[in-house]
$ cat work-v1.txt   # compact mmCIF, C-alpha atoms
# COMPACT_ATOMS: atom_id res chain seq x y z
CA MET A 637 -0.45 -13.18 10.88
CA ALA A 638 2.30 -10.61 10.99
CA GLY A 639 5.98 -11.12 10.25
CA ASN A 640 8.31 -14.09 10.40
CA VAL A 641 11.08 -14.46 12.93
CA GLY A 642 14.04 -12.48 11.66
CA ASP A 643 12.09 -9.99 9.57
CA PRO A 644 13.57 -6.49 9.66
CA PRO A 645 11.75 -3.91 11.77
CA LEU A 646 9.05 -1.93 9.98
CA PHE A 647 10.34 0.87 7.77
CA PHE A 648 7.17 2.89 8.39
CA GLU A 649 5.30 2.37 11.63
CA ARG A 650 2.11 3.35 9.85
CA HIS A 651 1.76 3.18 6.09
CA VAL A 652 -1.47 4.66 4.77
CA PHE A 653 -2.56 3.87 1.21
CA CYS A 654 -5.20 6.18 -0.27
CA CYS A 655 -6.86 5.10 -3.50
CA VAL A 656 -6.60 7.78 -6.20
CA ASN A 657 -7.66 5.55 -9.08
CA ALA A 658 -9.77 6.95 -11.92
CA ARG A 659 -12.17 5.06 -14.15
CA PRO A 660 -14.05 6.37 -17.17
CA PRO A 661 -17.29 8.23 -16.34
CA GLY A 662 -20.24 5.87 -16.12
CA HIS A 663 -18.21 2.80 -15.17
CA PRO A 664 -20.47 0.55 -13.07
CA ARG A 665 -17.96 0.27 -10.24
CA GLY A 666 -17.31 4.01 -10.04
CA SER A 667 -13.90 5.07 -8.77
CA CYS A 668 -12.33 6.74 -5.78
CA ARG A 669 -11.09 9.67 -7.85
CA GLU A 670 -14.58 10.36 -9.13
CA LYS A 671 -15.50 10.70 -5.45
CA LYS A 672 -12.57 13.05 -4.73
CA GLY A 673 -10.25 10.41 -3.28
CA ASP A 674 -7.27 12.17 -4.86
CA GLN A 675 -8.14 15.45 -3.15
CA LEU A 676 -8.52 13.71 0.20
CA TYR A 677 -5.13 12.08 -0.33
CA ASP A 678 -3.52 15.45 -1.09
CA TYR A 679 -5.09 16.92 2.02
CA MET A 680 -4.00 14.01 4.21
CA ARG A 681 -0.44 14.15 2.96
CA GLY A 682 -0.24 17.88 3.57
CA ARG A 683 -1.65 17.57 7.09
CA ALA A 684 0.74 14.75 7.95
CA ASP A 685 3.62 16.96 6.81
CA GLU A 686 2.37 19.87 8.90
CA LEU A 687 2.03 17.61 11.92
CA GLY A 688 5.59 16.38 11.42
CA LEU A 689 4.63 12.73 11.85
CA GLU A 690 7.71 10.51 12.04
CA ARG A 691 7.88 7.10 10.40
CA VAL A 692 4.45 7.60 8.90
CA ARG A 693 3.88 7.52 5.16
CA ILE A 694 0.76 8.78 3.43
CA ASN A 695 0.85 7.05 0.05
CA ALA A 696 -1.12 7.26 -3.16
CA ALA A 697 -2.32 3.91 -4.44
CA GLY A 698 -3.88 2.51 -7.58
CA CYS A 699 -7.19 0.68 -7.42
CA LEU A 700 -7.62 -1.07 -4.05
CA ASP A 701 -10.58 -3.06 -5.43
CA ARG A 702 -13.22 -1.72 -3.07
CA CYS A 703 -14.44 0.96 -5.48
CA GLU A 704 -18.11 0.64 -4.55
CA VAL A 705 -17.45 1.92 -1.05
CA GLY A 706 -14.86 4.54 -1.97
CA PRO A 707 -13.11 6.74 -1.39
CA VAL A 708 -11.18 4.15 0.60
CA MET A 709 -7.86 3.97 2.38
CA VAL A 710 -6.10 1.15 4.21
CA ILE A 711 -3.58 1.50 7.02
CA TYR A 712 -0.86 -1.11 7.48
CA PRO A 713 0.57 -3.10 9.19
CA GLU A 714 -2.78 -3.40 10.96
CA GLY A 715 -4.79 -3.70 7.74
CA VAL A 716 -7.65 -1.45 8.85
CA TRP A 717 -9.78 0.07 6.09
CA TYR A 718 -11.69 3.32 6.09
CA HIS A 719 -14.27 5.01 3.92
CA VAL A 720 -13.53 8.74 3.94
CA ASP A 721 -15.74 11.54 2.65
CA THR A 722 -14.44 14.79 4.08
CA THR A 723 -11.33 16.54 5.32
CA GLU A 724 -12.81 16.26 8.81
CA ASP A 725 -12.84 12.46 8.37
CA VAL A 726 -9.16 12.61 7.39
CA ASP A 727 -8.31 14.76 10.42
CA GLU A 728 -10.06 12.30 12.71
CA ILE A 729 -8.21 9.31 11.23
CA LEU A 730 -4.88 11.11 11.52
CA ARG A 731 -5.49 12.05 15.15
CA VAL A 732 -7.26 8.97 16.49
CA HIS A 733 -5.68 6.16 14.46
CA VAL A 734 -2.35 7.32 13.06
CA MET A 735 -1.21 9.39 16.06
CA GLU A 736 -2.97 7.67 18.98
CA GLY A 737 -3.30 4.10 17.71
CA GLY A 738 -7.07 4.04 18.18
CA ARG A 739 -9.82 3.40 15.66
CA VAL A 740 -12.47 5.59 14.05
CA ALA A 741 -15.28 3.09 14.29
CA ARG A 742 -17.84 5.09 12.35
CA LEU A 743 -15.65 5.08 9.22
CA MET A 744 -14.19 1.56 9.38
CA LEU A 745 -15.01 -0.96 6.67
CA ARG A 746 -15.86 -4.54 7.51
CA PRO A 747 -14.50 -7.26 5.19
CA GLU A 748 -18.01 -8.02 3.98
CA THR A 749 -18.60 -4.37 3.05
CA THR A 750 -17.53 -4.50 -0.53
CA GLY A 751 -16.71 -4.86 -3.35
CA GLY A 752 -15.04 -6.75 -6.10
CA GLU A 753 -17.72 -9.35 -6.66
CA GLU A 754 -20.66 -6.99 -6.69
CA GLY A 755 -19.97 -4.69 -9.58
CA MET B 375 2.65 -4.01 16.33
CA ALA B 376 -0.27 -5.46 14.44
CA GLY B 377 -3.96 -4.82 15.01
CA ASN B 378 -6.04 -3.86 18.02
CA VAL B 379 -8.47 -6.18 19.74
CA GLY B 380 -11.70 -6.11 17.77
CA ASP B 381 -10.17 -5.17 14.42
CA PRO B 382 -11.87 -6.87 11.47
CA PRO B 383 -10.01 -9.76 9.83
CA LEU B 384 -7.70 -8.79 6.98
CA PHE B 385 -9.42 -8.11 3.68
CA PHE B 386 -6.36 -9.30 1.76
CA GLU B 387 -4.10 -11.87 3.38
CA ARG B 388 -1.20 -10.46 1.40
CA HIS B 389 -1.27 -6.97 -0.08
CA VAL B 390 1.68 -6.19 -2.34
CA PHE B 391 2.39 -2.58 -3.26
CA CYS B 392 4.67 -2.04 -6.26
CA CYS B 393 6.04 1.44 -6.85
CA VAL B 394 5.27 2.70 -10.36
CA ASN B 395 6.18 6.32 -9.70
CA ALA B 396 7.83 8.41 -12.41
CA ARG B 397 10.09 11.40 -11.91
CA PRO B 398 11.52 13.70 -14.59
CA PRO B 399 14.69 12.38 -16.28
CA GLY B 400 17.81 13.40 -14.38
CA HIS B 401 16.11 13.74 -11.01
CA PRO B 402 18.76 12.98 -8.35
CA ARG B 403 16.61 10.37 -6.62
CA GLY B 404 15.73 8.54 -9.81
CA SER B 405 12.41 6.70 -9.85
CA CYS B 406 11.07 3.17 -9.90
CA ARG B 407 9.39 3.67 -13.27
CA GLU B 408 12.66 4.79 -14.83
CA LYS B 409 13.97 1.39 -13.70
CA LYS B 410 10.96 -0.48 -15.16
CA GLY B 411 9.04 -0.79 -11.91
CA ASP B 412 5.78 -0.35 -13.82
CA GLN B 413 6.60 -3.25 -16.16
CA LEU B 414 7.47 -5.48 -13.21
CA TYR B 415 4.16 -4.54 -11.59
CA ASP B 416 2.26 -5.43 -14.76
CA TYR B 417 4.06 -8.75 -14.94
CA MET B 418 3.42 -9.54 -11.27
CA ARG B 419 -0.26 -8.73 -11.52
CA GLY B 420 -0.64 -10.90 -14.59
CA ARG B 421 1.17 -13.82 -13.00
CA ALA B 422 -0.89 -13.57 -9.81
CA ASP B 423 -4.04 -13.71 -11.94
CA GLU B 424 -2.77 -16.73 -13.82
CA LEU B 425 -1.93 -18.46 -10.56
CA GLY B 426 -5.43 -17.74 -9.26
CA LEU B 427 -4.16 -16.48 -5.91
CA GLU B 428 -7.03 -15.91 -3.49
CA ARG B 429 -7.13 -12.98 -1.09
CA VAL B 430 -3.92 -11.60 -2.56
CA ARG B 431 -3.79 -8.16 -4.14
CA ILE B 432 -0.99 -6.92 -6.35
CA ASN B 433 -1.35 -3.15 -6.22
CA ALA B 434 0.22 -0.21 -8.00
CA ALA B 435 1.51 2.46 -5.65
CA GLY B 436 2.80 5.99 -5.90
CA CYS B 437 6.24 6.88 -4.57
CA LEU B 438 7.17 4.65 -1.63
CA ASP B 439 10.09 6.97 -0.75
CA ARG B 440 12.88 4.44 -1.26
CA CYS B 441 13.63 5.53 -4.82
CA GLU B 442 17.38 5.12 -4.56
CA VAL B 443 17.05 1.37 -4.16
CA GLY B 444 14.17 0.90 -6.62
CA PRO B 445 12.35 -0.72 -8.14
CA VAL B 446 10.84 -1.51 -4.75
CA MET B 447 7.78 -3.28 -3.45
CA VAL B 448 6.44 -3.84 0.05
CA ILE B 449 4.25 -6.71 1.22
CA TYR B 450 1.78 -6.18 4.07
CA PRO B 451 0.71 -6.97 6.74
CA GLU B 452 4.25 -8.20 7.37
CA GLY B 453 5.90 -5.01 6.06
CA VAL B 454 8.68 -6.78 4.18
CA TRP B 455 10.37 -4.79 1.41
CA TYR B 456 12.03 -6.06 -1.74
CA HIS B 457 14.20 -4.66 -4.47
CA VAL B 458 13.23 -6.33 -7.74
CA ASP B 459 15.08 -6.23 -11.05
CA THR B 460 13.71 -9.01 -13.23
CA THR B 461 10.65 -11.11 -13.92
CA GLU B 462 12.53 -14.02 -12.35
CA ASP B 463 12.78 -11.98 -9.13
CA VAL B 464 9.03 -11.43 -9.27
CA ASP B 465 8.37 -15.13 -9.81
CA GLU B 466 10.53 -16.01 -6.83
CA ILE B 467 8.74 -13.52 -4.56
CA LEU B 468 5.35 -14.81 -5.68
CA ARG B 469 6.31 -18.42 -5.06
CA VAL B 470 8.42 -18.18 -1.93
CA HIS B 471 6.84 -15.25 -0.08
CA VAL B 472 3.29 -14.74 -1.33
CA MET B 473 2.35 -18.40 -1.80
CA GLU B 474 4.55 -20.16 0.78
CA GLY B 475 4.99 -17.47 3.43
CA GLY B 476 8.78 -17.57 3.25
CA ARG B 477 11.27 -14.83 2.45
CA VAL B 478 13.55 -14.14 -0.51
CA ALA B 479 16.54 -13.07 1.53
CA ARG B 480 18.72 -12.02 -1.39
CA LEU B 481 16.19 -9.37 -2.45
CA MET B 482 15.02 -8.08 0.94
CA LEU B 483 15.70 -4.50 1.97
CA ARG B 484 16.90 -3.63 5.44
CA PRO B 485 15.47 -0.49 7.05
CA GLU B 486 18.87 1.19 6.84
CA THR B 487 19.09 0.50 3.08
CA THR B 488 17.61 3.69 1.79
CA GLY B 489 16.51 6.33 1.04
CA GLY B 490 14.68 9.51 1.77
CA GLU B 491 17.48 11.34 3.52
CA GLU B 492 20.23 10.50 1.10
CA GLY B 493 19.08 12.02 -2.15

$ encode --input "work-v1.txt" --output "C-alpha cells"
Amino acid sequence: MAGNVGDPPLFFERHVFCCVNARPPGHPRGSCREKKGDQLYDYMRGRADELGLERVRINAAGCLDRCEVGPVMVIYPEGVWYHVDTTEDVDEILRVHVMEGGRVARLMLRPETTGGEEG
Amino acid sequence: MAGNVGDPPLFFERHVFCCVNARPPGHPRGSCREKKGDQLYDYMRGRADELGLERVRINAAGCLDRCEVGPVMVIYPEGVWYHVDTTEDVDEILRVHVMEGGRVARLMLRPETTGGEEG
C-alpha cells in the first residue's frame, strides 16, 4: 500500500489538500469554492501557522473530483477524506487528526460517498 | 506511517499532485509555473486520460513549498516526490511509477533537496 523499500522518508508527515476549485454558477456538480472551500482552506492554513505545526503542509488543490460532497479535503499519506463545513470542523480536524493522529468520524467520507459518476 | 485501523480504503490508489503555482516574475524562490509546471500537469492529465488509468487522479496543486527544485510533483499515498522537466519525464513517471509501481530514480527528490528554508 505505502512506499517501496528504499523510498526517502516523507517530506511532510501530514499533507492536507483542500479543494478550492471553482466552477461556473449552475454547474450540475457544484464546486468546493461555491461552498466556501477556499475560505476554509485560508482559515486552516492560518491556524496551522499559528499552531506552529512542524512537517505539516496545508495545501490548496484543484478539483479533487468529489464535488458533490464538498467542500472536501484529503490528508496523506493516510488518504483520509473529510467533508468540512465550518471553521469549527477545521479546528477539530487539526486537533484530532493532524496533531493527535486520530480521526474525526462524523466528518469522514467513505469511498462510496461520492462523486464523479453521479453528476 | 500509513492509516489507522478502520480507515476506509483509498479512494484513489495513486493521487498525483502537480504544482501549478505562479509567483511574480523575479521572486527569489521562483515558481513551478514559471518553469512550465502547469503545461506538464496538462500533459500528464491528458495522457492519463488516454491511458484510461483507473483509480488514478492527476491533480493540480497550489504551492508545494519546494519551489527551488520545481517543477515538482508528489505521488501519494507513498509520498514520493519528483522533479520533472519534460513530457518524456512525465511519460516515464506514468509508466514506471503510476502504472507499474516502480520508481524513476533519476528524477526523485530527497527530503534534503529543497526548499523552504533556503530562499

$ interface_residues --input "work-v1.txt" --of "chain B" --to "chain A" --cutoff "7 Å" --atoms "all atoms listed in the file" --output "list in words"
Ala376, Gly377, Pro382, Pro383, Leu384, Phe385, Asn433, Ala434, Ala435, Gly436, Leu438, Tyr450, Pro451, Glu452, Gly453, Arg484 and Pro485 of chain B

$ closest_residue --input "work-v1.txt" --among "A:Val740, A:His719, A:Val732, A:Gly706" --to "Arg669 (chain A)" --atoms "all atoms listed in the file"
A:Gly706

$ calpha_fit_and_write --input "work-v1.txt" --fixed "chain B" --moving "chain A" --output "mmCIF file with C-alpha atoms, in the coordinates of the input"
data_model
loop_
_atom_site.group_PDB
_atom_site.id
_atom_site.type_symbol
_atom_site.label_atom_id
_atom_site.label_comp_id
_atom_site.auth_asym_id
_atom_site.auth_seq_id
_atom_site.Cartn_x
_atom_site.Cartn_y
_atom_site.Cartn_z
ATOM 1 C CA MET A 637 2.637 -4.054 16.396
ATOM 2 C CA ALA A 638 -0.260 -5.460 14.446
ATOM 3 C CA GLY A 639 -3.954 -4.839 15.011
ATOM 4 C CA ASN A 640 -6.032 -3.858 18.011
ATOM 5 C CA VAL A 641 -8.462 -6.172 19.729
ATOM 6 C CA GLY A 642 -11.682 -6.098 17.749
ATOM 7 C CA ASP A 643 -10.167 -5.154 14.405
ATOM 8 C CA PRO A 644 -11.876 -6.853 11.465
ATOM 9 C CA PRO A 645 -10.019 -9.734 9.830
ATOM 10 C CA LEU A 646 -7.690 -8.786 6.985
ATOM 11 C CA PHE A 647 -9.422 -8.101 3.681
ATOM 12 C CA PHE A 648 -6.356 -9.303 1.765
ATOM 13 C CA GLU A 649 -4.097 -11.857 3.389
ATOM 14 C CA ARG A 650 -1.209 -10.451 1.392
ATOM 15 C CA HIS A 651 -1.278 -6.972 -0.085
ATOM 16 C CA VAL A 652 1.665 -6.192 -2.342
ATOM 17 C CA PHE A 653 2.397 -2.572 -3.261
ATOM 18 C CA CYS A 654 4.678 -2.049 -6.264
ATOM 19 C CA CYS A 655 6.033 1.440 -6.848
ATOM 20 C CA VAL A 656 5.274 2.692 -10.370
ATOM 21 C CA ASN A 657 6.158 6.320 -9.703
ATOM 22 C CA ALA A 658 7.824 8.421 -12.403
ATOM 23 C CA ARG A 659 10.085 11.414 -11.920
ATOM 24 C CA PRO A 660 11.509 13.699 -14.589
ATOM 25 C CA PRO A 661 14.680 12.382 -16.280
ATOM 26 C CA GLY A 662 17.798 13.415 -14.402
ATOM 27 C CA HIS A 663 16.117 13.741 -11.009
ATOM 28 C CA PRO A 664 18.757 12.987 -8.356
ATOM 29 C CA ARG A 665 16.613 10.383 -6.621
ATOM 30 C CA GLY A 666 15.722 8.542 -9.825
ATOM 31 C CA SER A 667 12.411 6.697 -9.852
ATOM 32 C CA CYS A 668 11.075 3.175 -9.911
ATOM 33 C CA ARG A 669 9.399 3.681 -13.278
ATOM 34 C CA GLU A 670 12.662 4.785 -14.838
ATOM 35 C CA LYS A 671 13.968 1.396 -13.693
ATOM 36 C CA LYS A 672 10.977 -0.477 -15.167
ATOM 37 C CA GLY A 673 9.034 -0.807 -11.916
ATOM 38 C CA ASP A 674 5.774 -0.361 -13.826
ATOM 39 C CA GLN A 675 6.594 -3.252 -16.151
ATOM 40 C CA LEU A 676 7.478 -5.485 -13.214
ATOM 41 C CA TYR A 677 4.176 -4.549 -11.586
ATOM 42 C CA ASP A 678 2.251 -5.436 -14.754
ATOM 43 C CA TYR A 679 4.054 -8.755 -14.939
ATOM 44 C CA MET A 680 3.434 -9.545 -11.273
ATOM 45 C CA ARG A 681 -0.246 -8.737 -11.521
ATOM 46 C CA GLY A 682 -0.644 -10.911 -14.594
ATOM 47 C CA ARG A 683 1.176 -13.841 -12.988
ATOM 48 C CA ALA A 684 -0.891 -13.568 -9.817
ATOM 49 C CA ASP A 685 -4.034 -13.704 -11.957
ATOM 50 C CA GLU A 686 -2.767 -16.750 -13.832
ATOM 51 C CA LEU A 687 -1.923 -18.465 -10.562
ATOM 52 C CA GLY A 688 -5.419 -17.740 -9.262
ATOM 53 C CA LEU A 689 -4.156 -16.481 -5.908
ATOM 54 C CA GLU A 690 -7.026 -15.914 -3.481
ATOM 55 C CA ARG A 691 -7.135 -12.979 -1.089
ATOM 56 C CA VAL A 692 -3.943 -11.600 -2.564
ATOM 57 C CA ARG A 693 -3.798 -8.162 -4.138
ATOM 58 C CA ILE A 694 -0.994 -6.927 -6.358
ATOM 59 C CA ASN A 695 -1.343 -3.147 -6.221
ATOM 60 C CA ALA A 696 0.228 -0.211 -7.992
ATOM 61 C CA ALA A 697 1.513 2.473 -5.658
ATOM 62 C CA GLY A 698 2.802 6.013 -5.905
ATOM 63 C CA CYS A 699 6.232 6.897 -4.569
ATOM 64 C CA LEU A 700 7.168 4.654 -1.620
ATOM 65 C CA ASP A 701 10.088 6.967 -0.752
ATOM 66 C CA ARG A 702 12.876 4.456 -1.260
ATOM 67 C CA CYS A 703 13.617 5.553 -4.828
ATOM 68 C CA GLU A 704 17.382 5.119 -4.566
ATOM 69 C CA VAL A 705 17.035 1.372 -4.161
ATOM 70 C CA GLY A 706 14.174 0.881 -6.610
ATOM 71 C CA PRO A 707 12.348 -0.716 -8.144
ATOM 72 C CA VAL A 708 10.849 -1.525 -4.754
ATOM 73 C CA MET A 709 7.775 -3.286 -3.461
ATOM 74 C CA VAL A 710 6.442 -3.840 0.049
ATOM 75 C CA ILE A 711 4.240 -6.699 1.210
ATOM 76 C CA TYR A 712 1.786 -6.180 4.061
ATOM 77 C CA PRO A 713 0.707 -6.961 6.736
ATOM 78 C CA GLU A 714 4.250 -8.182 7.372
ATOM 79 C CA GLY A 715 5.896 -5.013 6.051
ATOM 80 C CA VAL A 716 8.694 -6.777 4.171
ATOM 81 C CA TRP A 717 10.381 -4.799 1.395
ATOM 82 C CA TYR A 718 12.039 -6.066 -1.745
ATOM 83 C CA HIS A 719 14.226 -4.659 -4.476
ATOM 84 C CA VAL A 720 13.226 -6.342 -7.736
ATOM 85 C CA ASP A 721 15.067 -6.232 -11.051
ATOM 86 C CA THR A 722 13.707 -9.015 -13.220
ATOM 87 C CA THR A 723 10.641 -11.109 -13.914
ATOM 88 C CA GLU A 724 12.525 -14.020 -12.356
ATOM 89 C CA ASP A 725 12.778 -11.981 -9.129
ATOM 90 C CA VAL A 726 9.010 -11.429 -9.258
ATOM 91 C CA ASP A 727 8.357 -15.142 -9.813
ATOM 92 C CA GLU A 728 10.529 -16.013 -6.833
ATOM 93 C CA ILE A 729 8.744 -13.524 -4.560
ATOM 94 C CA LEU A 730 5.347 -14.801 -5.676
ATOM 95 C CA ARG A 731 6.297 -18.427 -5.056
ATOM 96 C CA VAL A 732 8.426 -18.175 -1.922
ATOM 97 C CA HIS A 733 6.832 -15.249 -0.074
ATOM 98 C CA VAL A 734 3.289 -14.731 -1.329
ATOM 99 C CA MET A 735 2.352 -18.404 -1.792
ATOM 100 C CA GLU A 736 4.552 -20.160 0.789
ATOM 101 C CA GLY A 737 4.992 -17.453 3.424
ATOM 102 C CA GLY A 738 8.785 -17.578 3.246
ATOM 103 C CA ARG A 739 11.270 -14.839 2.443
ATOM 104 C CA VAL A 740 13.554 -14.147 -0.509
ATOM 105 C CA ALA A 741 16.546 -13.081 1.519
ATOM 106 C CA ARG A 742 18.718 -12.017 -1.391
ATOM 107 C CA LEU A 743 16.192 -9.356 -2.455
ATOM 108 C CA MET A 744 15.018 -8.084 0.943
ATOM 109 C CA LEU A 745 15.703 -4.500 1.970
ATOM 110 C CA ARG A 746 16.900 -3.648 5.447
ATOM 111 C CA PRO A 747 15.484 -0.485 7.066
ATOM 112 C CA GLU A 748 18.879 1.183 6.838
ATOM 113 C CA THR A 749 19.095 0.485 3.096
ATOM 114 C CA THR A 750 17.636 3.683 1.821
ATOM 115 C CA GLY A 751 16.529 6.315 1.046
ATOM 116 C CA GLY A 752 14.697 9.483 1.773
ATOM 117 C CA GLU A 753 17.477 11.302 3.568
ATOM 118 C CA GLU A 754 20.216 10.521 1.099
ATOM 119 C CA GLY A 755 19.037 12.077 -2.112
#

$ atom_distance --input "work-v1.txt" --atom1 "CA of Ala396 (chain B)" --atom2 "CA of Gly411 (chain B)"
9.3 Å

$ closest_residue --input "work-v1.txt" --among "B:Pro398, B:Asp412, B:Gly420, B:Glu428" --to "Val472 (chain B)" --atoms "all atoms listed in the file"
B:Glu428

$ decode --input "work-v1.txt" --residues "region 645-728 of chain A" --atoms "C-alpha atoms" --output "mmCIF file, in the first residue's frame"
data_model
loop_
_atom_site.group_PDB
_atom_site.id
_atom_site.type_symbol
_atom_site.label_atom_id
_atom_site.label_comp_id
_atom_site.auth_asym_id
_atom_site.auth_seq_id
_atom_site.Cartn_x
_atom_site.Cartn_y
_atom_site.Cartn_z
ATOM 1 C CA PRO A 645 11.326 9.429 4.290
ATOM 2 C CA LEU A 646 8.222 11.587 3.975
ATOM 3 C CA PHE A 647 8.909 15.265 3.345
ATOM 4 C CA PHE A 648 5.702 16.232 5.167
ATOM 5 C CA GLU A 649 4.404 13.935 7.876
ATOM 6 C CA ARG A 650 0.902 15.149 7.114
ATOM 7 C CA HIS A 651 -0.003 16.760 3.813
ATOM 8 C CA VAL A 652 -3.514 18.187 3.703
ATOM 9 C CA PHE A 653 -5.057 19.059 0.331
ATOM 10 C CA CYS A 654 -8.084 21.357 0.436
ATOM 11 C CA CYS A 655 -10.120 21.729 -2.732
ATOM 12 C CA VAL A 656 -10.518 25.376 -3.751
ATOM 13 C CA ASN A 657 -11.804 24.688 -7.247
ATOM 14 C CA ALA A 658 -14.438 26.943 -8.817
ATOM 15 C CA ARG A 659 -16.977 26.022 -11.467
ATOM 16 C CA PRO A 660 -19.405 28.326 -13.253
ATOM 17 C CA PRO A 661 -22.624 29.032 -11.316
ATOM 18 C CA GLY A 662 -25.290 26.440 -12.038
ATOM 19 C CA HIS A 663 -22.874 23.641 -12.936
ATOM 20 C CA PRO A 664 -24.577 20.343 -12.040
ATOM 21 C CA ARG A 665 -21.648 19.122 -9.955
ATOM 22 C CA GLY A 666 -21.311 22.348 -7.984
ATOM 23 C CA SER A 667 -17.851 23.176 -6.669
ATOM 24 C CA CYS A 668 -15.999 23.410 -3.392
ATOM 25 C CA ARG A 669 -15.351 27.127 -3.829
ATOM 26 C CA GLU A 670 -19.041 27.804 -4.286
ATOM 27 C CA LYS A 671 -19.416 26.187 -0.859
ATOM 28 C CA LYS A 672 -16.629 28.307 0.676
ATOM 29 C CA GLY A 673 -13.889 25.691 0.399
ATOM 30 C CA ASP A 674 -11.357 28.426 -0.348
ATOM 31 C CA GLN A 675 -12.241 30.298 2.837
ATOM 32 C CA LEU A 676 -11.952 27.119 4.888
ATOM 33 C CA TYR A 677 -8.550 26.486 3.315
ATOM 34 C CA ASP A 678 -7.383 30.009 4.204
ATOM 35 C CA TYR A 679 -8.581 29.536 7.756
ATOM 36 C CA MET A 680 -6.909 26.135 8.101
ATOM 37 C CA ARG A 681 -3.611 27.398 6.770
ATOM 38 C CA GLY A 682 -3.656 30.355 9.133
ATOM 39 C CA ARG A 683 -4.472 28.180 12.144
ATOM 40 C CA ALA A 684 -1.744 25.690 11.272
ATOM 41 C CA ASP A 685 0.724 28.584 11.130
ATOM 42 C CA GLU A 686 -0.439 29.900 14.489
ATOM 43 C CA LEU A 687 -0.116 26.440 15.998
ATOM 44 C CA GLY A 688 3.425 26.164 14.642
ATOM 45 C CA LEU A 689 2.867 22.664 13.280
ATOM 46 C CA GLU A 690 6.118 21.127 12.061
ATOM 47 C CA ARG A 691 6.337 18.998 8.936
ATOM 48 C CA VAL A 692 2.689 19.626 8.198
ATOM 49 C CA ARG A 693 1.559 21.276 4.982
ATOM 50 C CA ILE A 694 -1.889 22.722 4.392
ATOM 51 C CA ASN A 695 -2.160 22.876 0.613
ATOM 52 C CA ALA A 696 -4.612 24.307 -1.881
ATOM 53 C CA ALA A 697 -5.694 21.842 -4.543
ATOM 54 C CA GLY A 698 -7.584 21.919 -7.806
ATOM 55 C CA CYS A 699 -10.657 19.757 -8.284
ATOM 56 C CA LEU A 700 -10.410 16.560 -6.214
ATOM 57 C CA ASP A 701 -13.355 15.049 -8.130
ATOM 58 C CA ARG A 702 -15.708 14.671 -5.185
ATOM 59 C CA CYS A 703 -17.520 17.953 -5.823
ATOM 60 C CA GLU A 704 -20.959 16.674 -4.857
ATOM 61 C CA VAL A 705 -19.892 16.187 -1.258
ATOM 62 C CA GLY A 706 -17.715 19.291 -0.981
ATOM 63 C CA PRO A 707 -16.097 21.174 0.463
ATOM 64 C CA VAL A 708 -13.660 18.275 0.711
ATOM 65 C CA MET A 709 -10.108 17.762 1.866
ATOM 66 C CA VAL A 710 -7.843 14.723 1.884
ATOM 67 C CA ILE A 711 -4.966 14.049 4.260
ATOM 68 C CA TYR A 712 -1.981 11.993 3.109
ATOM 69 C CA PRO A 713 -0.141 9.670 3.470
ATOM 70 C CA GLU A 714 -3.137 8.042 5.146
ATOM 71 C CA GLY A 715 -5.587 9.035 2.393
ATOM 72 C CA VAL A 716 -8.426 10.003 4.725
ATOM 73 C CA TRP A 717 -11.079 12.324 3.293
ATOM 74 C CA TYR A 718 -13.249 14.837 5.082
ATOM 75 C CA HIS A 719 -16.266 16.945 4.286
ATOM 76 C CA VAL A 720 -15.872 20.267 6.088
ATOM 77 C CA ASP A 721 -18.486 22.964 6.571
ATOM 78 C CA THR A 722 -17.280 25.282 9.304
ATOM 79 C CA THR A 723 -14.177 26.662 10.971
ATOM 80 C CA GLU A 724 -15.082 24.512 13.977
ATOM 81 C CA ASP A 725 -14.837 21.448 11.704
ATOM 82 C CA VAL A 726 -11.385 22.614 10.605
ATOM 83 C CA ASP A 727 -10.270 23.131 14.209
ATOM 84 C CA GLU A 728 -11.428 19.639 15.117
#
